[in-house]
>>> print(open('target.cif').read())   # mmCIF, C-alpha atoms
data_protein
loop_
_atom_site.label_atom_id
_atom_site.label_comp_id
_atom_site.auth_asym_id
_atom_site.auth_seq_id
_atom_site.Cartn_x
_atom_site.Cartn_y
_atom_site.Cartn_z
CA MET Y 1 73.65 114.23 68.56
CA PRO Y 2 76.39 111.86 67.33
CA GLY Y 3 80.01 112.88 67.79
CA LEU Y 4 82.83 112.60 65.31
CA ARG Y 5 85.02 109.53 65.06
CA VAL Y 6 88.72 110.22 64.62
CA PRO Y 7 91.60 107.76 64.21
CA GLU Y 8 93.80 106.93 67.18
CA ARG Y 9 96.85 109.17 67.27
CA ARG Y 10 100.26 107.70 66.53
CA PHE Y 11 103.87 108.79 66.14
CA SER Y 12 105.71 109.87 62.98
CA ARG Y 13 109.27 110.04 61.72
CA VAL Y 14 111.31 110.76 58.61
CA LEU Y 15 111.75 107.48 56.75
CA GLY Y 16 113.91 108.69 53.87
CA VAL Y 17 115.45 111.76 52.29
CA GLY Y 18 116.61 112.77 48.83
CA SER Y 19 117.98 115.73 46.92
CA TYR Y 20 118.81 117.07 43.49
CA ARG Y 21 121.68 119.44 42.78
CA PRO Y 22 121.84 121.06 39.32
CA ARG Y 23 124.62 119.97 36.98
CA ARG Y 24 126.25 123.38 36.66
CA GLU Y 25 128.56 124.40 39.49
CA VAL Y 26 129.42 128.11 39.53
CA SER Y 27 132.53 129.25 41.38
CA ASN Y 28 133.10 132.60 43.03
CA LYS Y 29 135.55 133.32 40.22
CA GLU Y 30 132.73 133.04 37.67
CA VAL Y 31 130.40 135.15 39.82
CA CYS Y 32 133.02 137.90 39.72
CA THR Y 33 132.54 138.13 35.96
CA TRP Y 34 128.97 139.36 36.68
CA ILE Y 35 129.69 141.69 39.59
CA ASP Y 36 132.50 143.92 40.78
CA SER Y 37 133.92 141.74 43.56
CA THR Y 38 136.65 139.24 44.38
CA GLU Y 39 136.66 135.55 45.21
CA GLU Y 40 138.28 136.30 48.56
CA TRP Y 41 135.69 138.94 49.52
CA ILE Y 42 132.77 136.62 48.79
CA GLU Y 43 134.24 133.71 50.71
CA THR Y 44 135.30 135.87 53.65
CA ARG Y 45 131.88 137.49 53.95
CA THR Y 46 129.78 134.35 53.42
CA GLY Y 47 131.87 131.19 53.54
CA ILE Y 48 130.38 130.27 50.15
CA ARG Y 49 132.86 128.96 47.56
CA SER Y 50 130.43 127.86 44.85
CA ARG Y 51 126.76 127.29 44.13
CA ARG Y 52 124.63 125.27 41.71
CA ILE Y 53 122.66 127.06 38.98
CA ALA Y 54 119.93 125.20 37.12
CA GLU Y 55 119.92 124.93 33.35
CA PRO Y 56 116.64 125.64 31.49
CA ASP Y 57 115.71 121.93 31.47
CA GLU Y 58 116.20 121.68 35.25
CA THR Y 59 112.83 123.11 36.21
CA ILE Y 60 111.46 123.13 39.74
CA GLN Y 61 109.28 120.17 38.76
CA VAL Y 62 112.18 118.21 37.26
CA MET Y 63 114.34 118.85 40.32
CA GLY Y 64 111.50 118.12 42.73
CA VAL Y 65 110.70 114.81 41.04
CA ALA Y 66 114.35 113.73 41.07
CA ALA Y 67 114.73 114.53 44.78
CA SER Y 68 111.46 112.75 45.52
CA ARG Y 69 112.53 109.57 43.74
CA ARG Y 70 115.67 109.38 45.84
CA ALA Y 71 113.68 109.97 49.04
CA LEU Y 72 111.14 107.28 48.13
CA GLU Y 73 113.91 104.80 47.32
CA HIS Y 74 115.64 105.58 50.61
CA ALA Y 75 112.39 105.14 52.53
CA GLY Y 76 111.47 101.93 50.72
CA VAL Y 77 108.06 103.40 49.92
CA ASP Y 78 106.32 102.95 46.57
CA PRO Y 79 104.81 106.12 45.03
CA ALA Y 80 101.38 104.44 45.14
CA GLU Y 81 101.70 104.33 48.94
CA ILE Y 82 101.97 108.12 49.20
CA ASP Y 83 98.65 109.66 50.22
CA LEU Y 84 99.71 113.29 50.58
CA VAL Y 85 102.27 115.47 48.77
CA VAL Y 86 103.25 118.84 50.25
CA VAL Y 87 105.46 121.10 48.12
CA SER Y 88 107.28 124.16 49.40
CA THR Y 89 108.51 126.72 46.88
CA MET Y 90 108.75 130.46 46.40
CA THR Y 91 109.88 130.27 42.78
CA ASN Y 92 106.92 128.67 41.00
CA PHE Y 93 105.71 131.11 38.34
CA VAL Y 94 102.80 128.81 37.41
CA HIS Y 95 100.33 129.33 40.23
CA THR Y 96 97.83 126.76 39.03
CA PRO Y 97 97.58 123.82 38.78
CA PRO Y 98 99.48 123.08 42.00
CA LEU Y 99 103.04 121.86 41.56
CA SER Y 100 102.30 119.13 44.10
CA VAL Y 101 99.79 117.57 41.71
CA ALA Y 102 102.24 117.65 38.79
CA ILE Y 103 105.00 116.07 40.89
CA ALA Y 104 102.67 113.42 42.32
CA HIS Y 105 101.39 112.50 38.86
CA GLU Y 106 104.86 112.22 37.36
CA LEU Y 107 105.94 109.99 40.23
CA GLY Y 108 102.87 107.79 39.90
CA ALA Y 109 101.52 108.87 43.29
CA ASP Y 110 98.00 109.19 41.92
CA ASN Y 111 96.39 108.02 45.17
CA ALA Y 112 97.66 111.13 46.94
CA GLY Y 113 96.19 114.47 47.82
CA GLY Y 114 98.44 117.47 47.41
CA PHE Y 115 98.97 121.16 47.90
CA ASP Y 116 101.70 123.79 47.72
CA LEU Y 117 102.86 126.29 50.32
CA SER Y 118 105.06 129.37 50.14
CA ALA Y 119 106.97 130.35 53.26
CA ALA Y 120 110.37 131.18 51.75
CA CYS Y 121 113.33 129.86 53.76
CA ALA Y 122 111.12 128.43 56.52
CA GLY Y 123 109.04 126.44 54.04
CA PHE Y 124 110.55 122.96 54.40
CA CYS Y 125 110.21 122.95 58.19
CA HIS Y 126 106.60 124.16 57.90
CA ALA Y 127 105.88 121.42 55.36
CA LEU Y 128 107.51 118.77 57.53
CA SER Y 129 105.33 119.78 60.48
CA ILE Y 130 102.22 119.42 58.31
CA ALA Y 131 103.38 115.97 57.21
CA ALA Y 132 104.02 114.91 60.81
CA ASP Y 133 100.58 116.13 61.89
CA ALA Y 134 98.93 114.29 58.98
CA VAL Y 135 100.56 111.00 59.94
CA GLU Y 136 100.08 111.42 63.69
CA SER Y 137 96.39 112.26 63.31
CA GLY Y 138 95.78 109.18 61.18
CA GLY Y 139 94.78 111.26 58.19
CA SER Y 140 97.74 109.95 56.17
CA ARG Y 141 100.15 107.05 56.38
CA HIS Y 142 102.95 108.23 54.09
CA VAL Y 143 103.54 111.88 53.21
CA LEU Y 144 106.02 113.19 50.66
CA VAL Y 145 107.50 116.60 51.45
CA VAL Y 146 109.29 118.43 48.63
CA ALA Y 147 111.15 121.75 48.67
CA THR Y 148 112.31 122.92 45.25
CA GLU Y 149 113.70 126.29 44.21
CA ARG Y 150 115.29 128.13 41.29
CA MET Y 151 116.45 131.16 43.24
CA THR Y 152 118.46 132.40 40.28
CA ASP Y 153 115.13 133.12 38.54
CA VAL Y 154 114.24 135.72 41.17
CA ILE Y 155 117.53 137.54 41.64
CA ASP Y 156 119.35 140.14 39.58
CA LEU Y 157 122.68 138.54 38.77
CA ALA Y 158 124.22 142.01 38.47
CA ASP Y 159 123.24 142.91 42.06
CA ARG Y 160 126.55 142.71 43.92
CA SER Y 161 124.77 142.90 47.28
CA LEU Y 162 123.24 139.42 47.02
CA SER Y 163 123.67 137.62 43.69
CA PHE Y 164 126.64 135.65 45.05
CA LEU Y 165 124.53 134.19 47.87
CA PHE Y 166 121.94 132.14 46.03
CA GLY Y 167 121.70 128.85 44.18
CA ASP Y 168 119.17 126.32 42.92
CA GLY Y 169 118.18 122.81 43.98
CA ALA Y 170 115.59 120.54 45.56
CA GLY Y 171 115.24 118.28 48.57
CA ALA Y 172 112.60 115.82 49.71
CA ALA Y 173 111.61 113.68 52.68
CA VAL Y 174 109.15 110.84 53.21
CA VAL Y 175 107.31 110.91 56.55
CA GLY Y 176 105.56 107.82 57.88
CA PRO Y 177 104.41 106.06 61.06
CA SER Y 178 106.78 105.27 63.91
CA ASP Y 179 106.78 103.26 67.14
CA VAL Y 180 108.41 106.18 68.96
CA PRO Y 181 108.16 109.97 68.61
CA GLY Y 182 110.39 110.83 65.65
CA ILE Y 183 109.45 114.43 64.85
CA GLY Y 184 109.15 117.01 67.61
CA PRO Y 185 106.58 119.79 67.89
CA VAL Y 186 107.16 122.65 65.47
CA VAL Y 187 108.05 126.11 66.75
CA ARG Y 188 106.86 128.90 64.45
CA GLY Y 189 107.00 132.67 64.51
CA ILE Y 190 106.88 135.87 62.48
CA ASP Y 191 108.10 139.45 62.77
CA GLY Y 192 106.03 141.59 60.44
CA THR Y 193 108.16 144.65 61.19
CA GLY Y 194 110.71 143.01 58.91
CA LEU Y 195 108.47 142.71 55.85
CA GLY Y 196 110.70 145.12 53.96
CA SER Y 197 113.93 143.37 54.93
CA LEU Y 198 113.64 140.62 52.33
CA HIS Y 199 111.15 141.19 49.53
CA MET Y 200 110.59 141.42 45.79
CA SER Y 201 111.40 144.74 44.11
CA SER Y 202 108.01 144.83 42.38
CA SER Y 203 105.11 142.55 41.51
CA TRP Y 204 104.69 140.80 38.18
CA ASP Y 205 101.50 142.70 37.37
CA GLN Y 206 103.33 145.99 37.96
CA TYR Y 207 106.09 144.83 35.63
CA VAL Y 208 103.62 143.80 32.91
CA GLU Y 209 101.82 147.14 33.11
CA ASP Y 210 105.01 149.20 33.32
CA PRO Y 211 108.26 147.43 32.30
CA SER Y 212 110.24 150.48 33.42
CA VAL Y 213 109.89 149.28 37.04
CA GLY Y 214 112.24 146.44 36.12
CA ARG Y 215 111.86 142.68 36.29
CA PRO Y 216 110.89 141.65 39.84
CA ALA Y 217 113.97 140.63 41.79
CA LEU Y 218 114.82 139.85 45.38
CA VAL Y 219 115.92 142.78 47.55
CA MET Y 220 117.53 142.20 50.93
CA ASP Y 221 118.67 144.25 53.91
CA GLY Y 222 121.33 141.77 54.99
CA LYS Y 223 122.25 143.54 58.22
CA ARG Y 224 118.63 143.66 59.37
CA VAL Y 225 118.12 139.96 58.59
CA PHE Y 226 121.34 139.07 60.43
CA ARG Y 227 120.33 140.99 63.57
CA TRP Y 228 116.89 139.37 63.54
CA ALA Y 229 118.35 135.89 63.11
CA VAL Y 230 120.48 136.38 66.21
CA ALA Y 231 117.69 137.99 68.25
CA ASP Y 232 114.73 135.75 67.29
CA VAL Y 233 115.99 132.54 65.72
CA VAL Y 234 118.33 131.57 68.56
CA PRO Y 235 115.53 131.64 71.19
CA ALA Y 236 113.26 129.78 68.76
CA ALA Y 237 115.87 127.06 68.32
CA ARG Y 238 116.15 126.71 72.09
CA GLU Y 239 112.37 126.44 72.34
CA ALA Y 240 112.27 123.71 69.68
CA LEU Y 241 114.70 121.70 71.78
CA GLU Y 242 112.79 122.32 74.99
CA VAL Y 243 109.40 121.24 73.65
CA ALA Y 244 111.02 118.04 72.34
CA GLY Y 245 112.54 117.32 75.75
CA LEU Y 246 116.11 117.79 74.53
CA THR Y 247 119.13 119.89 75.35
CA VAL Y 248 121.67 121.08 72.81
CA GLY Y 249 124.09 118.53 74.26
CA ASP Y 250 121.73 115.69 73.31
CA LEU Y 251 122.03 116.48 69.61
CA VAL Y 252 124.09 114.60 67.08
CA ALA Y 253 123.46 117.20 64.36
CA PHE Y 254 122.32 120.78 63.79
CA VAL Y 255 120.77 121.57 60.39
CA PRO Y 256 119.99 125.29 60.12
CA HIS Y 257 118.83 127.20 57.07
CA GLN Y 258 121.86 127.63 54.83
CA ALA Y 259 121.71 131.43 54.58
CA ASN Y 260 125.49 131.64 54.67
CA LEU Y 261 128.22 130.15 56.82
CA ARG Y 262 128.78 133.30 58.86
CA ILE Y 263 125.19 133.31 60.15
CA ILE Y 264 125.46 129.59 60.85
CA ASP Y 265 128.64 130.15 62.87
CA VAL Y 266 126.92 132.83 64.97
CA LEU Y 267 123.92 130.56 65.61
CA VAL Y 268 126.25 127.75 66.69
CA ASP Y 269 128.08 130.10 69.06
CA ARG Y 270 124.94 131.66 70.59
CA LEU Y 271 123.26 128.28 71.04
CA GLY Y 272 126.37 126.82 72.62
CA VAL Y 273 126.45 123.86 70.23
CA PRO Y 274 129.06 121.38 71.53
CA GLU Y 275 131.93 120.22 69.34
CA HIS Y 276 130.57 116.68 69.08
CA VAL Y 277 127.49 117.95 67.20
CA VAL Y 278 127.83 117.81 63.41
CA VAL Y 279 126.79 121.16 61.95
CA SER Y 280 125.53 121.25 58.35
CA ARG Y 281 127.47 123.75 56.25
CA ASP Y 282 125.99 122.76 52.91
CA ALA Y 283 125.95 126.38 51.73
CA GLU Y 284 129.70 126.21 51.15
CA ASP Y 285 129.18 124.60 47.74
CA THR Y 286 125.40 124.96 47.31
CA GLY Y 287 124.63 128.55 48.26
CA ASN Y 288 121.35 129.72 49.75
CA THR Y 289 118.49 127.79 48.15
CA SER Y 290 115.68 129.23 50.30
CA SER Y 291 113.18 126.53 51.35
CA ALA Y 292 115.26 123.78 49.73
CA SER Y 293 118.33 124.55 51.84
CA VAL Y 294 117.41 122.59 54.97
CA ALA Y 295 116.24 119.63 52.88
CA LEU Y 296 119.43 119.61 50.80
CA ALA Y 297 121.59 119.85 53.91
CA LEU Y 298 119.63 117.10 55.66
CA ASP Y 299 120.03 114.72 52.74
CA ARG Y 300 123.78 115.31 52.50
CA LEU Y 301 124.15 114.85 56.26
CA VAL Y 302 122.25 111.55 56.33
CA ARG Y 303 124.00 110.11 53.27
CA SER Y 304 127.45 111.12 54.55
CA GLY Y 305 127.23 108.55 57.34
CA ALA Y 306 128.75 111.14 59.68
CA VAL Y 307 125.88 110.79 62.14
CA PRO Y 308 124.06 107.71 63.44
CA GLY Y 309 120.57 106.84 62.30
CA GLY Y 310 118.11 107.45 65.10
CA GLY Y 311 120.17 110.26 66.57
CA PRO Y 312 118.41 113.53 67.41
CA ALA Y 313 118.93 116.57 65.19
CA LEU Y 314 117.63 120.13 65.26
CA MET Y 315 116.41 121.84 62.09
CA ILE Y 316 115.34 125.45 61.74
CA GLY Y 317 114.48 127.52 58.67
CA PHE Y 318 114.27 131.31 58.73
CA GLY Y 319 114.01 134.19 56.30
CA ALA Y 320 111.55 136.40 54.46
CA GLY Y 321 108.59 137.63 56.44
CA LEU Y 322 110.46 137.71 58.62
CA SER Y 323 109.49 134.21 59.69
CA TYR Y 324 110.88 130.99 61.10
CA ALA Y 325 109.93 127.37 61.72
CA GLY Y 326 111.90 124.56 63.29
CA GLN Y 327 111.72 121.22 65.04
CA ALA Y 328 113.80 118.37 66.42
CA LEU Y 329 113.73 114.99 64.70
CA LEU Y 330 115.31 111.56 64.81
CA LEU Y 331 117.49 111.05 61.76
CA PRO Y 332 116.77 108.18 59.38
CA ASP Y 333 119.41 105.51 58.84
CA PRO Y 334 121.76 106.20 55.92
CA PRO Y 335 120.86 104.41 52.67
CA SER Y 336 122.36 100.93 52.38
CA THR Y 337 123.88 102.02 49.06
CA PRO Y 338 125.02 105.67 49.35
CA ALA Y 339 124.55 107.73 46.21
#
>>> encode(input="target.cif", output="structure tokens")
Amino acid sequence: MPGLRVPERRFSRVLGVGSYRPRREVSNKEVCTWIDSTEEWIETRTGIRSRRIAEPDETIQVMGVAASRRALEHAGVDPAEIDLVVVSTMTNFVHTPPLSVAIAHELGADNAGGFDLSAACAGFCHALSIAADAVESGGSRHVLVVATERMTDVIDLADRSLSFLFGDGAGAAVVGPSDVPGIGPVVRGIDGTGLGSLHMSSSWDQYVEDPSVGRPALVMDGKRVFRWAVADVVPAAREALEVAGLTVGDLVAFVPHQANLRIIDVLVDRLGVPEHVVVSRDAEDTGNTSSASVALALDRLVRSGAVPGGGPALMIGFGAGLSYAGQALLLPDPPSTPA
């Protein structure tokens, strides 16, 4: 009986990154017109000073396409060279057709396959691992990864327990072949005992049948999520370094999910991140954008020129599920013309 023929395995890396931040910047002062709070309380508790909120014309597709175009330009890859598009989002209310197909078509990437995934705040790192596997297996040569979210569509702006945390935006990365390993093995995990720690208040079909249940909105037990992040995410981050053959001292950058700056500070402390490592704190003026947060932070980091191209970084996303995913990677060179 004949066996299967598979392509020779190769290495992968991130070739380019891009992002889109909505036009409207909302300060803590403005947030305090929606909720009973103060600018000082919000910043002290979260480190967040402002966030971006999308206007009606800044849809998840519009933002995803804009971020993708920047990533493709940075990578020097034509849309026609993309053979797979993977989109991560938890805020797409149109479940079919896939958003990946719409984004690919608008970009002119009509030679690509595509699919969407939903893994909340861990989504970009999951999607990146799929892209790396696709390139390394020989199934694809260039993969576009997009994370795009309108978190303000799924929160109650009057909820003073969390409305100040979230924002909107999109990030993207192009993954392609490499002469050396450029994306480390992914480390994934879940804790189903935390299903109720970060969830929607109701389902859309419940709301349609009985509007008295209220429009579905995100509900969060912040203390439970914080304890879990310290207990589970820190060991996962260490494991992601170990399987990539790195120590925390080898890093040039740490790009965690931008939940809030206080959680980031605790992760940095528990991991023992040295002072020479640049830590992404994009949430300060972007807020928590769920799966887009790591992608947005990565793009800002690379374009800042604060870290060398080719240097090792650690990324990890974590949130609803509870679930996490993370990996080490070699950073792409900054664009020749920063934007």
>>> residues_around(input="target.cif", residues="Y:Gly189", least_positions_apart="2", cutoff="8 Å", atoms="all atoms listed in the file", output="VMD selection string")
chain Y and resid 187 191 323 to 325
>>> residues_around(input="target.cif", residues="Y:Gly222", least_positions_apart="5", cutoff="12 Å", atoms="all atoms listed in the file", output="PyMOL selection string")
chain Y and resi 45-46+161-162+165+194+196-199+227-229+259-260+262-263+319-320
>>> write_last_selection(input="target.cif", atoms="C-alpha atoms", output="CSV table (one decimal), in the frame of the given file")
chain,number,residue,atom,x,y,z
Y,45,ARG,CA,131.9,137.5,54.0
Y,46,THR,CA,129.8,134.4,53.4
Y,161,SER,CA,124.8,142.9,47.3
Y,162,LEU,CA,123.2,139.4,47.0
Y,165,LEU,CA,124.5,134.2,47.9
Y,194,GLY,CA,110.7,143.0,58.9
Y,196,GLY,CA,110.7,145.1,54.0
Y,197,SER,CA,113.9,143.4,54.9
Y,198,LEU,CA,113.6,140.6,52.3
Y,199,HIS,CA,111.2,141.2,49.5
Y,227,ARG,CA,120.3,141.0,63.6
Y,228,TRP,CA,116.9,139.4,63.5
Y,229,ALA,CA,118.4,135.9,63.1
Y,259,ALA,CA,121.7,131.4,54.6
Y,260,ASN,CA,125.5,131.6,54.7
Y,262,ARG,CA,128.8,133.3,58.9
Y,263,ILE,CA,125.2,133.3,60.2
Y,319,GLY,CA,114.0,134.2,56.3
Y,320,ALA,CA,111.6,136.4,54.5
>>> resolve_selection(input="target.cif", expression="the PyMOL selection byres ((chain Y and resi 278) around 10)", output="short mmCIF file (atom, residue, chain, number, x, y, z; two decimals) with C-alpha atoms, in the coordinates of the input")
data_model
loop_
_atom_site.label_atom_id
_atom_site.label_comp_id
_atom_site.auth_asym_id
_atom_site.auth_seq_id
_atom_site.Cartn_x
_atom_site.Cartn_y
_atom_site.Cartn_z
CA LEU Y 251 122.03 116.48 69.61
CA VAL Y 252 124.09 114.60 67.08
CA ALA Y 253 123.46 117.20 64.36
CA PHE Y 254 122.32 120.78 63.79
CA VAL Y 255 120.77 121.57 60.39
CA VAL Y 273 126.45 123.86 70.23
CA PRO Y 274 129.06 121.38 71.53
CA GLU Y 275 131.93 120.22 69.34
CA HIS Y 276 130.57 116.68 69.08
CA VAL Y 277 127.49 117.95 67.20
CA VAL Y 279 126.79 121.16 61.95
CA SER Y 280 125.53 121.25 58.35
CA ARG Y 281 127.47 123.75 56.25
CA LEU Y 301 124.15 114.85 56.26
CA ALA Y 306 128.75 111.14 59.68
CA VAL Y 307 125.88 110.79 62.14
CA ALA Y 313 118.93 116.57 65.19
#
>>> closest_residue(input="target.cif", among="Y:Leu107, Y:Gly138, Y:Ala112, Y:Val234", to="Y:Glu8", atoms="all atoms listed in the file")
Y:Gly138
>>> closest_atom_pairs(input="target.cif", of="stretch 131-162 of chain Y", to="stretch 291-295 of chain Y", cutoff="9 Å", atoms="all atoms listed in the file", output="JSON lines")
{"residue": "Y:Val146", "atom": "CA", "partner": "Y:Ala292", "partner_atom": "CA", "distance": 8.1}
{"residue": "Y:Ala147", "atom": "CA", "partner": "Y:Ala292", "partner_atom": "CA", "distance": 4.7}
{"residue": "Y:Thr148", "atom": "CA", "partner": "Y:Ala292", "partner_atom": "CA", "distance": 5.4}
{"residue": "Y:Glu149", "atom": "CA", "partner": "Y:Ala292", "partner_atom": "CA", "distance": 6.3}
>>> axis_aligned_box(input="target.cif", around="stretch 150-158 of chain Y", padding_each_side="4 Å", output="lines of an AutoDock Vina configuration file")
center_x = 119.2
center_y = 135.1
center_z = 40.9
size_x = 18.0
size_y = 21.9
size_z = 12.8
>>> atom_distance(input="target.cif", atom1="atom CA of Y:Arg215", atom2="atom CA of Y:Met63")
24.3 Å
>>> residues_around(input="target.cif", residues="Y:Asp156", least_positions_apart="5", cutoff="8 Å", atoms="all atoms listed in the file", output="VMD selection string")
chain Y and resid 163 217 to 218
>>> residues_around(input="target.cif", residues="Y:Gly311", least_positions_apart="6", cutoff="10 Å", atoms="only C-alpha atoms", output="ChimeraX atom specification")
/Y:182,250-253,329-333
>>> resolve_selection(input="target.cif", expression="the PyMOL selection byres ((chain Y and resi 299) around 12)", output="VMD selection string")
chain Y and resid 14 to 21 67 to 68 70 to 71 74 170 to 174 255 280 282 292 to 298 300 to 307 331 to 335 338 to 339
>>> closest_residue(input="target.cif", among="Y:Pro256, Y:Gly76, Y:Gly108, Y:Gly321", to="Y:His142", atoms="all atoms listed in the file")
Y:Gly76
>>> resolve_selection(input="target.cif", expression="the PyMOL selection byres ((chain Y and resi 184) around 9)", output="list in words")
Ser129, Ala132, Pro181, Gly182, Ile183, Pro185, Val186, Ala240, Leu241, Val243, Ala244, Gly245, Gln327, Ala328, Leu329 and Leu330 of chain Y
>>> residues_near_point(input="target.cif", point="(100.5, 122.7, 41.8)", cutoff="12 Å", atoms="only C-alpha atoms", output="list of chain:residue names")
Y:Ile60, Y:Gln61, Y:Gly64, Y:Val85, Y:Val86, Y:Val87, Y:Ser88, Y:Thr89, Y:Asn92, Y:Phe93, Y:Val94, Y:His95, Y:Thr96, Y:Pro97, Y:Pro98, Y:Leu99, Y:Ser100, Y:Val101, Y:Ala102, Y:Ile103, Y:Ala104, Y:His105, Y:Gly113, Y:Gly114, Y:Phe115, Y:Asp116, Y:Leu117, Y:Ser118, Y:Val146
>>> residues_near_point(input="target.cif", point="(136.4, 123.8, 49.6)", cutoff="8 Å", atoms="all atoms listed in the file", output="PyMOL selection string")
chain Y and resi 49+284-285
>>> write_last_selection(input="target.cif", atoms="C-alpha atoms", output="tab-separated table (two decimals), in the frame of the given file")
chain	number	residue	atom	x	y	z
Y	49	ARG	CA	132.86	128.96	47.56
Y	284	GLU	CA	129.70	126.21	51.15
Y	285	ASP	CA	129.18	124.60	47.74
>>> atom_distance(input="target.cif", atom1="atom CA of Y:Arg160", atom2="atom CA of Y:Ser37")
7.4 Å
>>> residues_around(input="target.cif", residues="Y:Ser50", least_positions_apart="5", cutoff="10 Å", atoms="all atoms listed in the file", output="PyMOL selection string")
chain Y and resi 25-31+39+42-43+164-167+283-287
>>> closest_residue(input="target.cif", among="Y:Ile35, Y:Leu84, Y:Ile53, Y:Ala109", to="Y:Asn288", atoms="only C-alpha atoms")
Y:Ile53
>>> atom_distance(input="target.cif", atom1="atom CA of Y:Ser336", atom2="atom CA of Y:Pro312")
20.0 Å
>>> closest_residue(input="target.cif", among="Y:Gly317, Y:Pro79, Y:Gly3, Y:Pro22", to="Y:Pro56", atoms="only C-alpha atoms")
Y:Pro22
